[in-house]
file data00.cif (mmCIF, C-alpha atoms)
data_start
loop_
_atom_site.label_atom_id
_atom_site.label_comp_id
_atom_site.auth_asym_id
_atom_site.auth_seq_id
_atom_site.Cartn_x
_atom_site.Cartn_y
_atom_site.Cartn_z
CA LEU F 1 0.00 0.00 0.00
CA ASN F 2 3.03 2.32 0.02
CA GLY F 3 2.40 5.29 -2.24
CA ARG F 4 -1.30 4.50 -2.65
CA ALA F 5 -4.34 6.42 -1.46
CA VAL F 6 -5.65 4.50 1.57
CA VAL F 7 -8.47 5.22 4.02
CA VAL F 8 -9.68 3.30 7.06
CA LEU F 9 -13.40 3.22 7.78
CA SER F 10 -15.27 3.38 11.07
CA ASN F 11 -17.39 0.58 12.51
CA ASN F 12 -19.80 -0.87 9.94
CA ASP F 13 -17.73 0.75 7.17
CA GLY F 14 -19.51 4.03 7.77
CA CYS F 15 -17.14 6.99 7.64
CA VAL F 16 -13.48 7.73 6.98
CA VAL F 17 -11.49 7.85 10.23
CA ALA F 18 -7.91 7.71 8.89
CA ARG F 19 -6.27 8.80 5.64
CA SER F 20 -2.90 8.40 3.98
CA ARG F 21 -1.19 11.43 2.49
CA GLU F 22 -2.22 10.27 -0.98
CA ALA F 23 -5.86 10.06 0.13
CA LYS F 24 -5.66 13.62 1.42
CA ALA F 25 -4.38 14.65 -2.00
CA LEU F 26 -7.66 13.33 -3.43
CA LYS F 27 -9.45 15.90 -1.22
CA ILE F 28 -10.98 13.16 0.93
CA THR F 29 -11.95 14.75 4.24
CA MET F 30 -12.01 13.18 7.69
CA GLY F 31 -15.43 11.82 8.62
CA VAL F 32 -16.85 11.76 5.11
CA PRO F 33 -19.37 8.90 4.63
CA PHE F 34 -17.90 6.11 2.54
CA PHE F 35 -20.78 6.05 0.07
CA GLN F 36 -19.79 9.58 -1.01
CA ILE F 37 -16.30 8.47 -2.06
CA ARG F 38 -17.03 4.90 -3.14
CA GLN F 39 -16.48 5.87 -6.77
CA HIS F 40 -12.76 6.38 -6.06
CA ALA F 41 -12.50 2.85 -4.64
CA ASP F 42 -14.51 1.34 -7.49
CA ALA F 43 -12.23 3.06 -10.01
CA GLY F 44 -9.08 1.78 -8.31
CA ARG F 45 -7.90 5.22 -7.22
CA LEU F 46 -8.45 4.47 -3.53
CA VAL F 47 -8.01 1.53 -1.17
CA ALA F 48 -10.72 1.55 1.52
CA LEU F 49 -10.24 -0.81 4.47
CA SER F 50 -12.48 -1.75 7.38
CA SER F 51 -11.25 -1.13 10.92
CA ASN F 52 -9.06 -4.01 12.08
CA TYR F 53 -8.58 -3.55 15.82
CA THR F 54 -6.81 -6.87 16.30
CA LEU F 55 -4.08 -5.87 13.87
CA TYR F 56 -3.84 -2.30 15.15
CA GLY F 57 -3.59 -3.37 18.77
CA ASP F 58 -0.85 -5.89 18.04
CA LEU F 59 1.19 -3.43 15.99
CA SER F 60 0.73 -0.78 18.69
CA HIS F 61 2.12 -3.20 21.27
CA ARG F 62 5.08 -3.97 19.02
CA VAL F 63 5.89 -0.30 18.44
CA GLY F 64 5.65 0.42 22.17
CA SER F 65 7.95 -2.49 22.94
CA VAL F 66 10.56 -1.33 20.41
CA LEU F 67 10.51 2.22 21.79
CA GLY F 68 10.75 0.85 25.32
CA GLU F 69 13.98 -0.89 24.36
CA THR F 70 15.65 2.51 24.01
CA GLY F 71 15.85 2.59 27.80
CA TYR F 72 14.31 6.05 28.19
CA PRO F 73 11.24 6.72 30.38
CA GLN F 74 8.18 6.07 28.24
CA GLU F 75 4.51 7.01 28.33
CA ILE F 76 2.21 5.11 25.97
CA TYR F 77 -0.30 7.89 25.39
CA SER F 78 -2.67 6.13 22.99
CA ILE F 79 -2.81 3.29 20.50
CA ASP F 80 -0.67 5.28 18.05
CA GLU F 81 1.34 7.68 20.22
CA SER F 82 4.12 7.45 22.79
CA PHE F 83 6.29 9.95 24.64
CA LEU F 84 9.94 9.37 25.50
CA ASP F 85 11.79 11.56 28.01
CA LEU F 86 15.10 12.50 26.36
CA THR F 87 15.98 15.19 28.90
CA ASP F 88 19.42 13.74 29.63
CA ASP F 89 20.18 12.75 26.04
CA PRO F 90 23.11 14.74 24.57
CA ASN F 91 21.85 14.16 21.01
CA PRO F 92 18.05 13.69 21.02
CA LEU F 93 17.78 14.16 17.25
CA ARG F 94 20.04 11.17 16.59
CA THR F 95 18.19 9.08 19.18
CA ALA F 96 14.83 9.94 17.61
CA THR F 97 16.10 9.16 14.12
CA ASP F 98 17.53 5.83 15.27
CA ALA F 99 14.29 4.96 17.10
CA ARG F 100 12.24 5.67 13.99
CA ALA F 101 14.54 3.49 11.89
CA LEU F 102 14.31 0.71 14.48
CA VAL F 103 10.50 0.77 14.39
CA ALA F 104 10.57 0.69 10.59
CA HIS F 105 12.96 -2.29 10.62
CA ASP F 106 11.40 -4.33 13.43
CA VAL F 107 7.70 -3.53 12.91
CA GLY F 108 7.60 -2.37 9.32
CA ILE F 109 5.44 0.74 9.59
CA PRO F 110 6.33 4.41 9.09
CA THR F 111 6.19 6.86 11.99
CA SER F 112 6.66 10.58 12.55
CA VAL F 113 8.80 11.72 15.46
CA GLY F 114 8.77 15.16 17.05
CA ILE F 115 11.15 16.63 19.62
CA GLY F 116 10.37 19.59 21.83
CA ALA F 117 11.10 21.08 25.22
CA THR F 118 7.64 20.07 26.48
CA LYS F 119 5.07 17.39 25.71
CA THR F 120 2.87 19.91 23.87
CA LEU F 121 5.79 21.06 21.72
CA ALA F 122 6.87 17.47 21.05
CA LYS F 123 3.32 16.61 19.98
CA LEU F 124 3.29 19.63 17.69
CA ALA F 125 6.68 18.69 16.26
CA SER F 126 5.47 15.16 15.48
CA ASP F 127 2.65 16.63 13.40
CA LEU F 128 5.13 18.85 11.53
CA ALA F 129 7.41 15.84 11.01
CA LYS F 130 4.77 14.20 8.79
CA ASP F 131 5.75 16.65 6.05
CA MET F 132 9.50 16.16 6.53
CA PRO F 133 11.36 13.75 4.23
CA ALA F 134 13.17 12.17 7.18
CA GLY F 135 9.99 11.92 9.28
CA VAL F 136 11.74 13.57 12.25
CA TYR F 137 11.56 17.21 13.33
CA GLN F 138 13.02 19.03 16.31
CA LEU F 139 11.57 22.35 17.40
CA PRO F 140 14.12 24.93 18.53
CA PRO F 141 14.53 25.69 22.25
CA PRO F 142 12.54 28.61 23.70
CA GLY F 143 13.55 31.80 21.96
CA PRO F 144 13.10 33.71 18.67
CA ALA F 145 13.53 30.59 16.52
CA LEU F 146 10.74 28.76 18.37
CA ALA F 147 8.51 31.82 18.10
CA ASP F 148 9.06 31.90 14.34
CA ALA F 149 8.11 28.20 14.07
CA LEU F 150 4.94 28.68 16.14
CA ARG F 151 3.96 31.65 13.98
CA HIS F 152 3.00 29.30 11.14
CA VAL F 153 0.98 26.78 13.19
CA PRO F 154 -2.84 27.25 13.17
CA ILE F 155 -4.39 27.42 16.62
CA ILE F 156 -6.58 24.38 15.93
CA ASP F 157 -3.45 22.21 15.49
CA VAL F 158 -2.29 22.77 19.08
CA TRP F 159 -2.69 19.76 21.38
CA GLY F 160 -5.39 20.45 23.96
CA ILE F 161 -7.27 23.04 21.89
CA GLY F 162 -10.53 21.53 20.70
CA GLY F 163 -12.89 22.87 18.09
CA ARG F 164 -15.07 24.82 20.52
CA VAL F 165 -12.16 26.46 22.36
CA GLY F 166 -10.40 27.09 19.06
CA ALA F 167 -13.45 28.87 17.65
CA THR F 168 -13.61 31.12 20.71
CA LEU F 169 -9.93 31.93 20.51
CA LEU F 170 -10.28 32.80 16.83
CA GLU F 171 -12.97 35.32 17.76
CA TRP F 172 -10.42 36.96 20.07
CA GLY F 173 -7.88 37.16 17.26
CA VAL F 174 -5.78 34.25 18.53
CA ARG F 175 -5.02 32.53 15.24
CA THR F 176 -1.64 30.83 15.64
CA ALA F 177 0.26 28.86 18.25
CA LEU F 178 2.45 31.93 18.75
CA ASP F 179 -0.60 34.08 19.50
CA LEU F 180 -1.65 31.51 22.10
CA ALA F 181 1.82 31.36 23.63
CA ARG F 182 1.62 35.13 24.15
CA MET F 183 -1.73 34.92 25.94
CA ASN F 184 -1.90 35.91 29.60
CA VAL F 185 -1.65 32.74 31.69
CA HIS F 186 -4.05 34.04 34.36
CA THR F 187 -6.64 34.93 31.69
CA MET F 188 -6.44 31.46 30.21
CA ARG F 189 -6.79 29.93 33.68
CA GLU F 190 -9.91 31.99 34.42
CA ARG F 191 -11.55 31.08 31.11
CA TYR F 192 -10.37 27.51 30.52
CA GLY F 193 -9.08 26.32 33.87
CA VAL F 194 -5.74 24.73 34.62
CA THR F 195 -5.66 22.96 31.25
CA GLY F 196 -5.82 26.22 29.31
CA ALA F 197 -3.05 27.77 31.39
CA ARG F 198 -0.84 24.73 30.94
CA VAL F 199 -1.16 24.87 27.15
CA VAL F 200 0.17 28.43 27.16
CA GLN F 201 3.05 27.55 29.47
CA GLU F 202 3.96 24.45 27.48
CA LEU F 203 4.05 26.43 24.22
CA ARG F 204 6.51 28.78 25.90
CA GLY F 205 8.77 25.85 26.71
CA GLU F 206 7.80 25.60 30.39
CA SER F 207 7.21 21.90 31.09
CA CYS F 208 4.17 21.41 33.31
CA ILE F 209 2.67 18.16 31.98
CA ASP F 210 4.76 15.35 33.42
CA LEU F 211 5.46 12.07 31.73
CA GLU F 212 2.94 9.64 33.19
CA GLU F 213 3.73 6.07 34.04
CA VAL F 214 1.11 3.47 33.11
CA GLN F 215 -1.77 3.91 35.55
CA PRO F 216 -4.05 1.04 36.56
CA LYS F 217 -7.37 1.22 34.76
CA GLN F 218 -10.38 2.39 36.76
CA THR F 219 -12.93 1.28 34.16
CA ILE F 220 -13.02 -1.09 31.20
CA THR F 221 -15.58 -0.63 28.43
CA CYS F 222 -16.33 -3.00 25.58
CA SER F 223 -19.01 -2.09 23.04
CA ARG F 224 -19.80 -2.27 19.34
CA SER F 225 -22.26 -0.85 16.86
CA PHE F 226 -24.22 -3.63 15.18
CA GLY F 227 -24.06 -4.39 11.47
CA VAL F 228 -27.85 -4.62 11.36
CA GLN F 229 -30.73 -3.54 13.53
CA VAL F 230 -31.08 -6.10 16.30
CA THR F 231 -34.48 -7.07 17.65
CA ALA F 232 -34.12 -10.62 19.00
CA LEU F 233 -33.16 -11.19 22.62
CA ASP F 234 -30.75 -14.00 21.74
CA ASP F 235 -28.84 -11.69 19.38
CA LEU F 236 -28.44 -9.16 22.17
CA ARG F 237 -27.46 -11.85 24.64
CA ALA F 238 -24.75 -13.12 22.29
CA ALA F 239 -23.38 -9.61 21.79
CA VAL F 240 -23.34 -8.73 25.49
CA ALA F 241 -21.79 -12.09 26.37
CA SER F 242 -19.01 -11.44 23.86
CA PHE F 243 -18.39 -8.01 25.39
CA VAL F 244 -18.23 -9.48 28.90
CA GLU F 245 -15.73 -12.10 27.74
CA ARG F 246 -13.45 -9.45 26.26
CA ALA F 247 -13.78 -7.06 29.21
CA CYS F 248 -13.00 -9.83 31.72
CA GLU F 249 -10.01 -10.93 29.65
CA LYS F 250 -8.64 -7.39 29.77
CA ALA F 251 -9.33 -7.13 33.50
CA ARG F 252 -7.49 -10.35 34.31
CA ALA F 253 -4.54 -9.35 32.13
CA GLY F 254 -4.18 -6.16 34.18
CA HIS F 255 -4.92 -7.84 37.55
CA ARG F 256 -8.09 -5.76 37.93
CA ALA F 257 -11.42 -6.78 39.46
CA ALA F 258 -14.73 -4.93 39.10
CA THR F 259 -16.92 -3.74 41.95
CA ALA F 260 -19.82 -2.91 39.62
CA LEU F 261 -21.10 -3.84 36.18
CA THR F 262 -23.08 -1.73 33.71
CA VAL F 263 -24.90 -2.93 30.60
CA PHE F 264 -26.17 -0.37 28.09
CA LEU F 265 -28.23 -0.47 24.91
CA GLU F 266 -28.72 2.17 22.22
CA ASN F 267 -31.53 2.27 19.69
CA ASP F 268 -31.04 3.33 16.07
CA ARG F 269 -31.21 7.13 16.33
CA PHE F 270 -31.18 7.50 12.54
CA ASN F 271 -34.35 5.46 12.14
CA PRO F 272 -37.44 7.58 12.86
CA GLN F 273 -39.50 4.39 13.25
CA ALA F 274 -37.27 3.01 16.03
CA PRO F 275 -38.88 3.28 19.47
CA ALA F 276 -36.97 4.98 22.26
CA CYS F 277 -35.34 1.98 23.90
CA SER F 278 -31.87 3.19 24.87
CA GLY F 279 -30.83 2.82 28.47
CA SER F 280 -28.48 1.26 30.98
CA LEU F 281 -28.57 -0.68 34.23
CA THR F 282 -25.83 -1.13 36.83
CA TYR F 283 -25.31 -3.98 39.27
CA ARG F 284 -23.21 -3.54 42.43
CA LEU F 285 -21.21 -6.68 43.11
CA ALA F 286 -21.04 -8.14 46.60
CA LEU F 287 -17.36 -8.95 46.03
CA PRO F 288 -15.01 -7.60 43.34
CA THR F 289 -14.54 -10.06 40.49
CA ASN F 290 -13.15 -10.58 37.01
CA LEU F 291 -14.61 -14.05 36.49
CA THR F 292 -16.36 -14.29 33.13
CA ALA F 293 -19.11 -16.71 34.15
CA GLU F 294 -20.09 -14.67 37.20
CA LEU F 295 -20.22 -11.34 35.40
CA MET F 296 -21.92 -12.86 32.38
CA GLY F 297 -24.75 -14.09 34.58
CA HIS F 298 -25.29 -10.62 36.04
CA ALA F 299 -25.05 -9.00 32.60
CA ASP F 300 -27.61 -11.42 31.16
CA SER F 301 -30.00 -10.61 34.00
CA LEU F 302 -29.64 -6.85 33.42
CA LEU F 303 -30.15 -7.31 29.70
CA ARG F 304 -33.37 -9.27 30.18
CA HIS F 305 -34.74 -6.40 32.29
CA MET F 306 -34.02 -3.89 29.50
CA TRP F 307 -35.14 -5.89 26.48
CA ARG F 308 -38.66 -5.44 25.20
CA VAL F 309 -40.66 -6.62 22.22
CA GLY F 310 -40.47 -4.24 19.27
CA GLY F 311 -37.14 -2.71 20.19
CA LEU F 312 -34.68 -1.82 17.42
CA TRP F 313 -31.14 -1.71 18.78
CA LYS F 314 -28.03 -0.54 16.96
CA LYS F 315 -25.40 -0.74 19.72
CA ALA F 316 -24.71 -2.40 23.06
CA GLY F 317 -21.87 -2.58 25.53
CA VAL F 318 -20.68 -3.39 29.02
CA MET F 319 -18.59 -1.46 31.52
CA LEU F 320 -16.59 -2.85 34.42
CA LEU F 321 -16.51 -0.13 37.08
CA GLY F 322 -14.61 0.61 40.28
CA LEU F 323 -11.68 -1.61 39.34
CA ILE F 324 -9.29 -2.66 42.12
CA ASP F 325 -6.20 -4.87 42.31
CA ASP F 326 -7.39 -8.48 42.21
CA ARG F 327 -4.35 -9.62 44.20
CA SER F 328 -5.32 -7.80 47.38
CA GLN F 329 -9.09 -7.94 47.74
CA GLN F 330 -11.22 -8.77 50.75
CA GLU F 331 -13.00 -12.14 50.67
CA SER F 332 -16.09 -13.37 52.52
CA PHE F 333 -16.98 -16.59 54.33
CA LEU F 334 -20.53 -16.22 52.96
CA ASP F 335 -19.41 -16.02 49.32
CA PRO F 336 -21.47 -18.59 47.34
CA VAL F 337 -19.00 -18.54 44.40
CA ASP F 338 -16.12 -21.03 44.28
CA ARG F 339 -13.55 -18.42 43.32
CA GLU F 340 -10.51 -20.67 43.39
CA ARG F 341 -12.12 -22.97 40.85
CA GLY F 342 -13.31 -19.98 38.81
CA LYS F 343 -9.83 -18.45 38.74
CA ALA F 344 -8.28 -21.76 37.68
CA LEU F 345 -10.82 -22.13 34.86
CA ALA F 346 -10.31 -18.53 33.70
CA ALA F 347 -6.52 -18.99 33.72
CA VAL F 348 -6.78 -22.08 31.53
CA VAL F 349 -9.14 -20.35 29.08
CA ASP F 350 -6.83 -17.32 28.85
CA VAL F 351 -3.80 -19.49 28.16
CA ILE F 352 -5.56 -21.51 25.45
CA ASN F 353 -7.05 -18.45 23.76
CA GLY F 354 -3.76 -16.60 24.01
CA LYS F 355 -1.95 -19.46 22.30
CA HIS F 356 -4.49 -20.54 19.71
CA GLY F 357 -6.69 -17.48 19.15
CA ARG F 358 -9.12 -15.50 21.28
CA MET F 359 -12.23 -17.04 19.73
CA LEU F 360 -11.24 -20.67 20.31
CA MET F 361 -12.84 -21.16 23.75
CA ARG F 362 -16.04 -19.19 24.32
CA SER F 363 -19.18 -19.33 26.39
CA GLY F 364 -22.27 -20.95 24.94
CA THR F 365 -24.23 -17.71 25.21
CA ALA F 366 -21.69 -15.83 23.07
CA GLY F 367 -22.25 -18.40 20.34
CA LEU F 368 -26.02 -18.00 20.20
CA SER F 369 -25.85 -15.63 17.25
CA GLY F 370 -23.47 -13.70 15.05
CA GLN F 371 -26.12 -11.46 13.48
CA TRP F 372 -25.08 -8.49 15.61
CA ARG F 373 -21.47 -8.30 14.44
CA PRO F 374 -20.34 -5.06 12.76
CA LEU F 375 -19.98 -4.94 8.99
CA ALA F 376 -16.36 -5.29 7.89
CA ASP F 377 -16.56 -6.13 4.22
CA ARG F 378 -13.16 -4.54 3.52
CA CYS F 379 -11.14 -5.85 6.42
CA SER F 380 -7.42 -6.39 5.87
CA PRO F 381 -5.90 -9.67 7.07
CA ARG F 382 -4.74 -10.02 10.67
CA TYR F 383 -1.22 -10.79 9.51
CA THR F 384 0.38 -10.92 12.95
CA THR F 385 -2.19 -12.81 15.03
CA ARG F 386 -3.84 -15.41 12.78
CA TRP F 387 -1.90 -18.29 11.21
CA GLU F 388 -4.43 -18.63 8.42
CA GLU F 389 -4.02 -14.95 7.54
CA VAL F 390 -0.22 -14.75 7.54
CA LEU F 391 1.13 -12.91 4.51
CA ARG F 392 2.07 -15.26 1.67
CA VAL F 393 4.90 -14.31 -0.67
CA GLY F 394 5.34 -15.82 -4.11
#

call {"tool": "encode", "arguments": {"input": "data00.cif", "output": "C-alpha cells"}}
result
Amino acid sequence: LNGRAVVVLSNNDGCVVARSREAKALKITMGVPFFQIRQHADAGRLVALSSNYTLYGDLSHRVGSVLGETGYPQEIYSIDESFLDLTDDPNPLRTATDARALVAHDVGIPTSVGIGATKTLAKLASDLAKDMPAGVYQLPPPGPALADALRHVPIIDVWGIGGRVGATLLEWGVRTALDLARMNVHTMRERYGVTGARVVQELRGESCIDLEEVQPKQTITCSRSFGVQVTALDDLRAAVASFVERACEKARAGHRAATALTVFLENDRFNPQAPACSGSLTYRLALPTNLTAELMGHADSLLRHMWRVGGLWKKAGVMLLGLIDDRSQQESFLDPVDRERGKALAAVVDVINGKHGRMLMRSGTAGLSGQWRPLADRCSPRYTTRWEEVLRVG
C-alpha cells in the first residue's frame, strides 16, 4: 500500500477515520461517509479498508515495545502515540532518528517523530514531522527561533485546543500557536481552567505536563455498533456475552477486578421508526470479580430487564466499574461462588485463547448468534495474530 491512497473506515464501514497522504491529495476529508467516495475505490484510485482492531492493537504493542527498548522513560499515550523523556540525552535528534529506523525495521510501519522542550511542543513537532522527508523534526529551544516556528501553526493544530475552544480563541484574534503562547496565563486559567493555562506555558517551553507512568485502569468498556438492527433477545445476549468475555479478559490481564457492572443499549437514532429503547442498568457486586461466568450471569439478567418486544437496537456494551487490584481484595466466608475454581478455569481459558486465538474457547451464550457483528466487508488480514491470515509471498 506504500504510495497508494488508503483510508480506514469506522465501525460498519460508515465513515473515513484515517487517511494516507495520498488520500488527502484526493481531497478526501475526515469523517466523510464512505458512500460519497465509493467511486474512487470502485475506479481503483483508492483503497478503503475496514477497521481491524486486532491488527492495530498488536502493531501498537510492538511499536511500544521497540521504543521501550531505548531505555528512556516512556509514556504510551494512545494506540498510536508514545512519549519518550530525552531530557538527559546529549543528542536527542540522533536518538529519535535511530528509534524511527528501528520501528521501521522491526515492525515495518512508518512513523513521525517530534522533539520539543515540552510534551505539547513534542506533539506539535510530530505533526510537523509528517511533512518532513526524514519523518523527524526538532523544534528549537525557547527563543526567537521557536517563536518563528509557532507563527506558522494554526491554533486548531495545538494539542489540547478543541474545536469549541479554538473557535472562541479565533474570535479573540488568537489565530496561531504563537498568539496563544503570548496569551496571559491568568486569563487562560480563568476562562479555561488549569488545562488552558498549561497549554500556554507548554508552548513557551515551560514543562508542566509530566510524563505519566502506566496507571491502573479504573474502568473497562467493551461495546460495538451492530451491522444490522437487532431485535431478538438471543442476538443481544450473544453480543453482550461477547463483550463481557473481552472485558474480563482485559481485567485479568491487568490484575483488575470490578466492583460494579453496567450494561447499556442504544436504539437506532437515525431510524425515525425506532422506538426509544436506549438505556443502561448497573449492578453492584457483593465482592469484586473478574470471572467471566459470574459477570456474564449478572449481565444477562440486566439485559433481560431492559429488552422489550419491538425494540430496534443498533449498539450495546458493558462497563466494568470501580476496578481494584485483584491480588489484594477482601473475601467473605458467605461467598457462594467457588472463586478458586473460577480463577483456575479462567486462567486455563486465557492461556488456550492466548496461544491458539481468542475465539477458540467461548461461552455458549456468546455463540447464540453472530447477526449483531459489525460490517467489515473490507477488512485487511490479521497478519500478525492469525496463522491462516499470515502474509504469503510468491

call {"tool": "atom_distance", "arguments": {"input": "data00.cif", "atom1": "atom CA of Ala197 of chain F", "atom2": "atom CA of Leu180 of chain F"}}
result
10.1 Å

call {"tool": "closest_residue", "arguments": {"input": "data00.cif", "among": "F:Asp234, F:Cys248, F:Trp307, F:Pro140", "to": "Phe264 of chain F", "atoms": "all atoms listed in the file"}}
result
F:Trp307

call {"tool": "atom_distance", "arguments": {"input": "data00.cif", "atom1": "atom CA of Ala239 of chain F", "atom2": "atom CA of Phe226 of chain F"}}
result
9.0 Å

call {"tool": "closest_residue", "arguments": {"input": "data00.cif", "among": "F:Thr282, F:Arg237, F:Ala23, F:Ala99", "to": "Ile37 of chain F", "atoms": "all atoms listed in the file"}}
result
F:Ala23

call {"tool": "resolve_selection", "arguments": {"input": "data00.cif", "expression": "the PyMOL selection byres ((chain F and resi 311) around 8)", "output": "list in words"}}
result
Val230, Thr231, Asn267, Ala274, Pro275, Ala276, Cys277, Trp307, Arg308, Val309, Gly310, Leu312 and Trp313 of chain F

call {"tool": "residues_around", "arguments": {"input": "data00.cif", "residues": "segment 157-166 of chain F", "least_positions_apart": "6", "cutoff": "7 Å", "atoms": "all atoms listed in the file", "output": "number ranges by chain"}}
result
F: 120, 123-124, 177, 199

call {"tool": "atom_distance", "arguments": {"input": "data00.cif", "atom1": "atom CA of Ser112 of chain F", "atom2": "atom CA of Cys379 of chain F"}}
result
25.0 Å

call {"tool": "residues_around", "arguments": {"input": "data00.cif", "residues": "segment 78-87 of chain F", "least_positions_apart": "4", "cutoff": "9 Å", "atoms": "only C-alpha atoms", "output": "ChimeraX atom specification"}}
result
/F:56-57,60-61,63-64,67-68,72-74,91-92,95,115,117,119,122-123,211

call {"tool": "closest_residue", "arguments": {"input": "data00.cif", "among": "F:Met132, F:Val390, F:Ala41, F:Leu287", "to": "Ile324 of chain F", "atoms": "all atoms listed in the file"}}
result
F:Leu287

call {"tool": "decode", "arguments": {"input": "data00.cif", "residues": "segment 358-371 of chain F", "atoms": "C-alpha atoms", "output": "compact mmCIF listing (two decimals), in the first residue's frame"}}
result
# COMPACT_ATOMS: atom_id res chain seq x y z
CA ARG F 358 -9.12 -15.50 21.28
CA MET F 359 -12.23 -17.04 19.73
CA LEU F 360 -11.24 -20.67 20.31
CA MET F 361 -12.84 -21.16 23.75
CA ARG F 362 -16.04 -19.19 24.32
CA SER F 363 -19.18 -19.33 26.39
CA GLY F 364 -22.27 -20.95 24.94
CA THR F 365 -24.23 -17.71 25.21
CA ALA F 366 -21.69 -15.83 23.07
CA GLY F 367 -22.25 -18.40 20.34
CA LEU F 368 -26.02 -18.00 20.20
CA SER F 369 -25.85 -15.63 17.25
CA GLY F 370 -23.47 -13.70 15.05
CA GLN F 371 -26.12 -11.46 13.48
